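Structure file input_31.txt; described as compact mmCIF, C-alpha atoms.
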```
# COMPACT_ATOMS: atom_id res chain seq x y z
CA MET V 737 105.72 106.64 82.08
CA ASN V 738 107.94 104.14 83.84
CA PRO V 739 107.20 100.39 83.62
CA ARG V 740 105.80 100.14 87.15
CA ILE V 741 103.20 102.83 86.53
CA GLN V 742 102.37 101.25 83.17
CA GLN V 743 101.90 97.93 84.96
CA LEU V 744 99.38 99.53 87.31
CA ILE V 745 97.58 101.23 84.41
CA SER V 746 97.22 97.83 82.74
CA GLN V 747 95.11 96.70 85.71
CA LEU V 748 92.63 99.60 85.64
CA GLY V 749 90.32 98.04 83.04
CA LYS V 750 90.26 94.73 84.87
CA HIS V 751 88.96 96.51 87.98
CA ARG V 752 86.63 98.83 86.02
CA LEU V 753 88.57 101.91 87.07
CA ASP V 754 89.26 105.12 85.19
CA ALA V 755 92.14 106.12 87.47
CA PHE V 756 93.88 105.16 90.69
CA LEU V 757 94.87 107.23 93.73
CA ILE V 758 97.94 106.24 95.76
CA THR V 759 98.24 107.81 99.22
CA SER V 760 100.93 105.54 100.70
CA ASP V 761 104.40 107.13 100.74
CA VAL V 762 106.01 103.70 100.34
CA ASN V 763 103.86 102.79 97.35
CA ILE V 764 104.57 106.16 95.72
CA ARG V 765 108.28 105.59 96.19
CA TYR V 766 107.97 102.14 94.66
CA LEU V 767 106.15 103.49 91.60
CA THR V 768 108.26 106.63 91.07
CA ASP V 769 111.57 106.01 92.88
CA PHE V 770 110.95 109.36 94.58
CA PRO V 771 110.91 109.64 98.42
CA SER V 772 107.38 110.94 98.81
CA SER V 773 106.09 112.75 101.89
CA GLU V 774 102.59 114.11 102.60
CA SER V 775 101.66 113.83 98.93
CA TRP V 776 99.43 111.77 96.64
CA LEU V 777 99.97 110.14 93.27
CA PHE V 778 97.04 110.18 90.83
CA ILE V 779 97.40 107.79 87.90
CA CYS V 780 95.29 108.00 84.76
CA PRO V 781 95.66 105.90 81.60
CA LYS V 782 97.50 108.64 79.71
CA ARG V 783 99.14 110.66 82.46
CA ALA V 784 100.15 110.59 86.12
CA PHE V 785 100.14 113.50 88.57
CA TYR V 786 102.00 114.07 91.83
CA ILE V 787 99.84 116.19 94.14
CA THR V 788 101.92 117.99 96.74
CA ASP V 789 102.34 121.27 98.60
CA PRO V 790 104.84 124.09 97.85
CA ARG V 791 107.48 122.63 100.22
CA TYR V 792 108.10 119.65 97.94
CA ALA V 793 107.15 121.08 94.54
CA LEU V 794 110.60 122.12 93.26
CA GLU V 795 112.28 118.85 94.20
CA ALA V 796 109.38 116.89 92.73
CA ARG V 797 109.55 118.76 89.43
CA GLN V 798 113.29 118.11 89.20
CA SER V 799 112.94 114.39 89.94
CA LEU V 800 109.62 113.40 88.36
CA LYS V 801 110.29 114.20 84.72
CA ALA V 802 107.42 112.18 83.21
CA ILE V 803 104.88 112.97 85.93
CA GLY V 804 102.92 116.21 86.25
CA VAL V 805 103.34 118.04 89.56
CA LYS V 806 100.16 119.62 90.90
CA VAL V 807 100.64 122.00 93.84
CA TYR V 808 97.60 122.16 96.08
CA ARG V 809 96.67 125.32 97.94
CA ARG V 810 93.73 124.33 100.14
CA SER V 811 93.57 120.54 100.17
CA LEU V 812 94.80 117.41 98.45
CA GLY V 813 91.21 116.37 97.82
CA GLU V 814 90.27 119.57 96.02
CA SER V 815 93.23 119.20 93.64
CA LEU V 816 92.40 115.52 93.11
CA TRP V 817 88.87 116.26 91.94
CA GLU V 818 90.09 119.07 89.69
CA LEU V 819 92.45 116.63 87.97
CA ALA V 820 89.77 113.93 87.81
CA SER V 821 87.46 116.39 86.02
CA VAL V 822 90.15 117.43 83.53
CA MET V 823 91.06 113.79 82.79
CA GLY V 824 87.43 112.62 82.63
CA ALA V 825 87.96 110.02 85.36
CA GLN V 826 84.73 108.92 87.01
CA ARG V 827 85.61 105.75 88.91
CA ILE V 828 88.75 106.33 91.00
CA GLY V 829 90.27 103.38 92.81
CA PHE V 830 92.06 103.75 96.13
CA ASP V 831 93.35 101.61 98.99
CA ASP V 832 91.41 102.37 102.16
CA ARG V 833 94.18 100.89 104.34
CA HIS V 834 96.39 103.88 103.53
CA LEU V 835 93.96 106.66 104.45
CA PHE V 836 93.12 107.85 107.94
CA LEU V 837 89.40 107.66 108.62
CA SER V 838 89.24 111.44 109.07
CA ALA V 839 90.96 112.01 105.69
CA PHE V 840 88.65 109.53 103.99
CA LYS V 841 85.54 111.23 105.40
CA LEU V 842 86.71 114.61 104.11
CA LEU V 843 87.55 113.17 100.70
CA LYS V 844 84.24 111.33 100.50
CA LYS V 845 82.29 114.44 101.49
CA ALA V 846 83.98 116.47 98.75
CA THR V 847 83.43 113.85 96.03
CA PRO V 848 81.46 115.37 93.13
CA LYS V 849 78.30 113.59 92.03
CA ALA V 850 79.89 112.62 88.74
CA ARG V 851 82.82 110.87 90.47
CA LYS V 852 83.02 107.74 92.60
CA LEU V 853 85.66 106.40 94.96
CA VAL V 854 86.11 102.63 94.57
CA CYS V 855 87.93 100.69 97.29
CA SER V 856 90.57 98.56 95.54
CA PRO V 857 93.08 97.35 98.13
CA GLY V 858 96.36 95.64 97.42
CA LEU V 859 96.91 96.56 93.75
CA VAL V 860 100.36 98.08 94.26
CA GLU V 861 101.32 95.61 97.00
CA ALA V 862 100.65 92.75 94.58
CA PHE V 863 103.38 94.14 92.31
CA ARG V 864 105.72 94.74 95.23
CA GLU V 865 105.54 91.05 96.22
CA ILE V 866 107.71 90.17 93.22
CA LYS V 867 111.14 91.76 93.54
CA SER V 868 113.08 92.96 90.50
CA HIS V 869 116.77 92.17 90.02
CA PHE V 870 117.54 95.71 91.19
CA GLU V 871 115.51 95.26 94.38
CA ILE V 872 117.14 91.91 95.12
CA ASP V 873 120.57 93.53 94.72
CA GLN V 874 119.55 96.32 97.11
CA ILE V 875 118.35 93.80 99.69
CA LYS V 876 121.63 91.90 99.34
CA LYS V 877 123.56 95.12 99.97
CA ALA V 878 121.56 95.67 103.16
CA LEU V 879 122.33 92.09 104.17
CA GLY V 880 126.01 92.71 103.47
CA LEU V 881 126.09 95.51 106.03
CA HIS V 882 123.93 93.35 108.31
CA LYS V 883 126.61 90.65 108.23
CA GLN V 884 129.29 93.18 109.18
CA ALA V 885 127.12 94.48 112.03
CA TYR V 886 126.56 90.98 113.35
CA GLN V 887 130.28 90.21 113.23
CA PHE V 888 130.91 93.44 115.13
CA LEU V 889 128.28 92.46 117.69
CA GLN V 890 129.82 89.06 118.28
CA LYS V 891 132.99 90.83 119.41
CA THR V 892 131.00 93.30 121.53
CA ILE V 893 128.65 91.04 123.49
CA ARG V 894 130.35 89.72 126.60
CA PRO V 895 129.45 88.86 130.16
CA GLY V 896 129.18 92.04 132.23
CA ILE V 897 127.94 94.41 129.51
CA THR V 898 124.33 95.57 129.67
CA GLU V 899 121.86 95.11 126.83
CA LYS V 900 121.58 98.90 126.41
CA ASP V 901 125.34 99.46 126.30
CA CYS V 902 125.69 96.68 123.77
CA LEU V 903 123.01 98.31 121.62
CA LYS V 904 124.75 101.69 121.81
CA GLU V 905 127.95 100.20 120.45
CA LEU V 906 126.02 98.45 117.68
CA GLU V 907 124.19 101.66 116.74
CA GLY V 908 127.48 103.49 116.51
CA PHE V 909 128.91 100.89 114.16
CA VAL V 910 125.86 100.90 111.85
CA ARG V 911 125.91 104.71 111.62
CA SER V 912 129.64 104.66 110.87
CA GLN V 913 128.84 102.53 107.81
CA ASP V 914 126.19 105.02 106.55
CA GLY V 915 123.39 102.63 107.45
CA ALA V 916 120.43 102.73 109.80
CA PHE V 917 118.23 100.27 111.63
CA SER V 918 115.03 99.33 109.81
CA PHE V 919 113.29 98.88 113.19
CA PRO V 920 114.32 99.20 116.86
CA ALA V 921 116.87 96.43 117.39
CA ILE V 922 116.31 93.78 120.07
CA ILE V 923 119.08 92.50 122.32
CA ALA V 924 117.42 90.22 124.85
CA SER V 925 119.51 88.18 127.26
CA GLY V 926 118.59 85.25 129.49
CA PRO V 927 114.91 85.32 130.56
CA ASN V 928 114.30 88.52 128.55
CA SER V 929 114.61 86.43 125.39
CA CYS V 930 111.23 84.80 126.11
CA PHE V 931 109.51 88.02 124.97
CA PRO V 932 109.03 88.03 121.16
CA HIS V 933 109.31 91.84 121.04
CA ALA V 934 111.53 92.35 124.06
CA GLN V 935 112.55 95.83 125.15
CA VAL V 936 116.27 96.49 125.50
CA THR V 937 116.97 96.91 129.22
CA ASP V 938 119.73 97.67 131.71
CA ARG V 939 120.05 93.97 132.45
CA MET V 940 123.64 92.80 132.58
CA ILE V 941 124.41 89.93 130.21
CA LYS V 942 125.66 86.86 132.04
CA ARG V 943 127.75 83.86 131.20
CA ASN V 944 126.07 80.56 130.29
CA GLU V 945 122.88 82.11 128.89
CA PRO V 946 121.40 82.77 125.44
CA VAL V 947 121.20 86.24 123.91
CA LEU V 948 118.56 86.84 121.23
CA VAL V 949 119.52 89.51 118.69
CA ASP V 950 116.88 90.71 116.22
CA MET V 951 117.84 93.60 113.98
CA GLY V 952 117.30 94.95 110.51
CA ILE V 953 119.40 97.23 108.35
CA ASP V 954 118.00 99.99 106.13
CA LEU V 955 120.30 100.84 103.25
CA ASP V 956 118.95 103.27 100.65
CA GLY V 957 115.36 102.34 101.52
CA TYR V 958 115.61 98.56 101.28
CA LYS V 959 115.56 96.45 104.41
CA SER V 960 117.00 93.34 105.99
CA ASP V 961 115.61 91.42 108.97
CA LEU V 962 117.42 88.59 110.76
CA THR V 963 117.37 87.07 114.22
CA ARG V 964 120.39 85.28 115.65
CA MET V 965 121.13 83.55 118.93
CA ILE V 966 124.44 84.23 120.61
CA PHE V 967 125.56 81.85 123.36
CA LEU V 968 128.05 82.84 126.04
CA GLY V 969 129.87 80.12 127.89
CA THR V 970 128.33 76.69 128.46
CA ILE V 971 124.68 76.47 127.48
CA PRO V 972 122.39 74.16 129.49
CA ARG V 973 121.39 70.99 127.66
CA PHE V 974 117.66 71.83 127.43
CA ILE V 975 118.33 75.23 125.85
CA ARG V 976 120.66 73.61 123.34
CA GLU V 977 118.05 70.96 122.51
CA VAL V 978 115.38 73.60 121.94
CA HIS V 979 117.75 75.58 119.73
CA ASP V 980 118.51 72.52 117.62
CA THR V 981 114.79 71.73 117.26
CA VAL V 982 114.01 75.29 116.11
CA ARG V 983 116.89 75.09 113.64
CA ARG V 984 115.54 71.83 112.19
CA ALA V 985 112.01 73.27 111.97
CA GLN V 986 113.40 76.19 109.98
CA ALA V 987 115.35 73.86 107.68
CA LEU V 988 112.19 71.84 106.94
CA ALA V 989 110.33 75.00 105.93
CA ILE V 990 113.20 76.28 103.77
CA GLN V 991 113.40 72.92 101.97
CA LYS V 992 109.77 73.35 100.86
CA VAL V 993 110.24 76.82 99.34
CA ARG V 994 109.60 76.84 95.59
CA PRO V 995 107.04 78.38 93.21
CA GLY V 996 103.53 76.99 93.63
CA VAL V 997 103.88 75.85 97.23
CA LEU V 998 101.26 77.44 99.48
CA ALA V 999 102.47 79.91 102.09
CA CYS V 1000 100.44 78.12 104.76
CA ASP V 1001 102.23 74.86 103.96
CA LEU V 1002 105.58 76.41 104.91
CA ASP V 1003 104.12 77.50 108.23
CA ALA V 1004 102.69 74.03 108.77
CA ALA V 1005 106.02 72.32 108.07
CA ALA V 1006 107.79 74.21 110.83
CA ARG V 1007 104.86 74.31 113.25
CA ASN V 1008 104.12 70.59 112.95
CA TYR V 1009 107.74 69.70 113.62
CA LEU V 1010 107.77 71.83 116.76
CA THR V 1011 104.49 70.23 117.85
CA GLN V 1012 105.88 66.73 117.31
CA ASN V 1013 108.69 67.70 119.66
CA HIS V 1014 106.28 69.06 122.30
CA LEU V 1015 107.20 72.70 121.61
CA GLY V 1016 104.37 73.82 119.31
CA LYS V 1017 102.44 75.55 122.07
CA PHE V 1018 105.39 77.89 122.60
CA PHE V 1019 105.31 79.17 118.99
CA GLY V 1020 102.65 81.86 118.85
CA HIS V 1021 103.29 83.97 115.75
CA SER V 1022 103.42 83.42 111.98
CA LEU V 1023 106.42 81.80 110.33
CA GLY V 1024 107.46 84.83 108.30
CA HIS V 1025 106.72 87.95 106.30
CA GLY V 1026 107.83 89.74 103.18
CA VAL V 1027 110.68 92.27 103.35
CA GLY V 1028 111.57 95.04 100.90
CA LEU V 1029 110.83 98.74 101.13
CA GLU V 1030 109.00 97.87 104.36
CA ILE V 1031 110.13 95.55 107.10
CA HIS V 1032 106.72 93.82 107.07
CA GLU V 1033 105.03 93.51 103.70
CA ALA V 1034 103.41 90.85 101.54
CA PRO V 1035 103.54 87.90 101.38
CA ARG V 1036 102.60 86.79 104.87
CA ILE V 1037 103.86 83.29 105.62
CA SER V 1038 101.14 82.14 107.99
CA GLN V 1039 98.57 79.44 108.66
CA ARG V 1040 95.91 81.72 107.20
CA ASN V 1041 97.52 82.48 103.84
CA PRO V 1042 96.70 79.85 101.17
CA SER V 1043 98.35 81.89 98.39
CA PRO V 1044 101.00 80.14 96.27
CA LEU V 1045 104.60 81.29 96.35
CA LYS V 1046 105.92 83.00 93.21
CA GLU V 1047 109.39 83.41 91.78
CA GLY V 1048 110.89 86.68 92.96
CA MET V 1049 109.25 86.78 96.41
CA VAL V 1050 111.53 87.66 99.34
CA PHE V 1051 110.45 86.81 102.88
CA THR V 1052 111.66 85.68 106.28
CA ILE V 1053 111.39 82.22 107.82
CA GLU V 1054 111.54 82.57 111.60
CA PRO V 1055 110.29 79.70 113.74
CA ALA V 1056 110.61 80.27 117.45
CA VAL V 1057 110.02 78.84 120.90
CA TYR V 1058 109.32 81.14 123.86
CA ILE V 1059 109.21 79.42 127.24
CA PRO V 1060 107.72 81.89 129.77
CA HIS V 1061 110.08 83.20 132.47
CA GLN V 1062 112.93 81.07 131.16
CA PHE V 1063 114.24 81.82 127.65
CA GLY V 1064 113.35 82.17 123.98
CA ILE V 1065 114.93 80.85 120.80
CA ARG V 1066 114.19 82.46 117.43
CA ILE V 1067 116.14 81.87 114.22
CA GLU V 1068 115.26 84.12 111.30
CA ASP V 1069 116.63 84.09 107.77
CA MET V 1070 115.59 85.76 104.52
CA VAL V 1071 114.92 83.68 101.41
CA LEU V 1072 114.31 84.41 97.74
CA VAL V 1073 111.96 82.18 95.75
CA THR V 1074 113.81 81.13 92.61
CA GLN V 1075 112.60 79.37 89.47
CA LYS V 1076 113.09 75.89 90.93
CA GLY V 1077 113.50 76.43 94.67
CA CYS V 1078 114.97 79.12 96.85
CA GLU V 1079 118.13 81.01 97.75
CA VAL V 1080 118.87 81.79 101.40
CA LEU V 1081 119.83 85.43 100.96
CA SER V 1082 121.16 85.84 104.47
CA GLY V 1083 123.70 83.08 103.92
CA PRO V 1084 125.86 81.36 106.53
CA ILE V 1085 126.43 84.24 108.94
CA HIS V 1086 125.72 82.38 112.21
```
Show me the file's structure as structure tokens.
Amino acid sequence: MNPRIQQLISQLGKHRLDAFLITSDVNIRYLTDFPSSESWLFICPKRAFYITDPRYALEARQSLKAIGVKVYRRSLGESLWELASVMGAQRIGFDDRHLFLSAFKLLKKATPKARKLVCSPGLVEAFREIKSHFEIDQIKKALGLHKQAYQFLQKTIRPGITEKDCLKELEGFVRSQDGAFSFPAIIASGPNSCFPHAQVTDRMIKRNEPVLVDMGIDLDGYKSDLTRMIFLGTIPRFIREVHDTVRRAQALAIQKVRPGVLACDLDAAARNYLTQNHLGKFFGHSLGHGVGLEIHEAPRISQRNPSPLKEGMVFTIEPAVYIPHQFGIRIEDMVLVTQKGCEVLSGPIH
């Protein structure tokens, strides 16, 4: 078995589990490096099984050399309990966040008396929080294409072009580089920038206004996520002052990043600075989130997360100010927690 699966197996005894069921496609990919779809991974101390249907069986057998491939005929649940019986697994852990309620009810109903489903959320996600050297390199590659896309966009955005037309040109460039967006990109000009998740519209971009650009690149499964402000012409003094305040709030948070610091303390550093400058009430979301195989994953950098940072974590730091009906400023970078501090992975691409 590969080291990631062995790492999960090492946790079974601690949680009094005989086996663990993974139903999340992303978590299965993380554990096996195989792009799973509509399949489950059943991990026992001595063997792991990939439960799938005939459509994926051949490819799975070719790719998953050290994992048994079990083809189900009637249901995933029926095959699961057959394997559990053969392996003598009585207490099977699972993450309820990755099962639809209807699927859970069917699985629960079919559970034999000798078996028990045990809700054990977050086991795989806890491993995913700490990125390997390979994962960090993959994220850096995505950021490399992200930098090229941003440089392309700087030449594309101009007064008179609409947000939608600008996005079309950006999409074409990303596809030409064999990349994809990791989420629907945002290009929000003028007053549209006051919406944190603005829709791209037919609005024509004008001179002397801010343009908020939030995009992420997906390259071979790993993601990037950055937000940049582009200014066209002469920017009014108040907008410039708000931008500078948001930038300083971000810098204060980045300066605090190191192992052992609480995630909530990063949020507080940025939020308190905005509040001291009478802008705190315009910052309504968390300071950041983890990025990797998913665009939003652990750790969450928020007021409600007292967990300590650990070496190898990768997450965004994105303070913002959204003034209703006027404009919004958000600056988002990605950082890596290092042994003694942090590395700003996104680098100086402004």
Ranking V:Leu879, V:Ala796, V:Ala825, V:Val805 by minimum distance to Gly915 (chain V) and counting all atoms listed in the file, which one comes first?
V:Leu879
Box centre and edge lengths (Å, one decimal), axis-aligned, region 925-940 of chain V plus 6 Å each side, as JSON:
```
{"center_x": 116.3, "center_y": 91.2, "center_z": 126.8, "size_x": 26.6, "size_y": 24.9, "size_z": 23.5}
```
Do a neighbour search on region 900-906 of chain V at 9 Å with only C-alpha atoms, toss out local chain neighbours closer than 5 positions, and write the hits as a list in words.
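Here the answer would be Ala885, Tyr886, Phe888, Leu889, Thr892, Ile893, Arg894, Arg911, Ala921, Ile922, Ile923, Val936, Thr937, Asp938, Arg939 and Met940 of chain V.
Among the candidate residues V:Ser1022, V:Ser1038, V:Ser856, V:Ser772, the one lying nearest to Ala999 (chain V) is V:Ser1038, with distances computed using all atoms listed in the file.
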Counting all atoms listed in the file, which of V:Phe778, V:Phe1019, V:Phe974, V:Phe909 gets nearest to Glu1054 (chain V)?
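When distances to Glu1054 (chain V) are compared using all atoms listed in the file, the smallest one comes from V:Phe1019.
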Between V:His1061, V:Lys1017, V:His1025, V:Lys1076, which residue has the minimum interatomic distance to Val997 (chain V), considering all atoms listed in the file?
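The shortest atom-to-atom distance to Val997 (chain V) comes from V:Lys1076.
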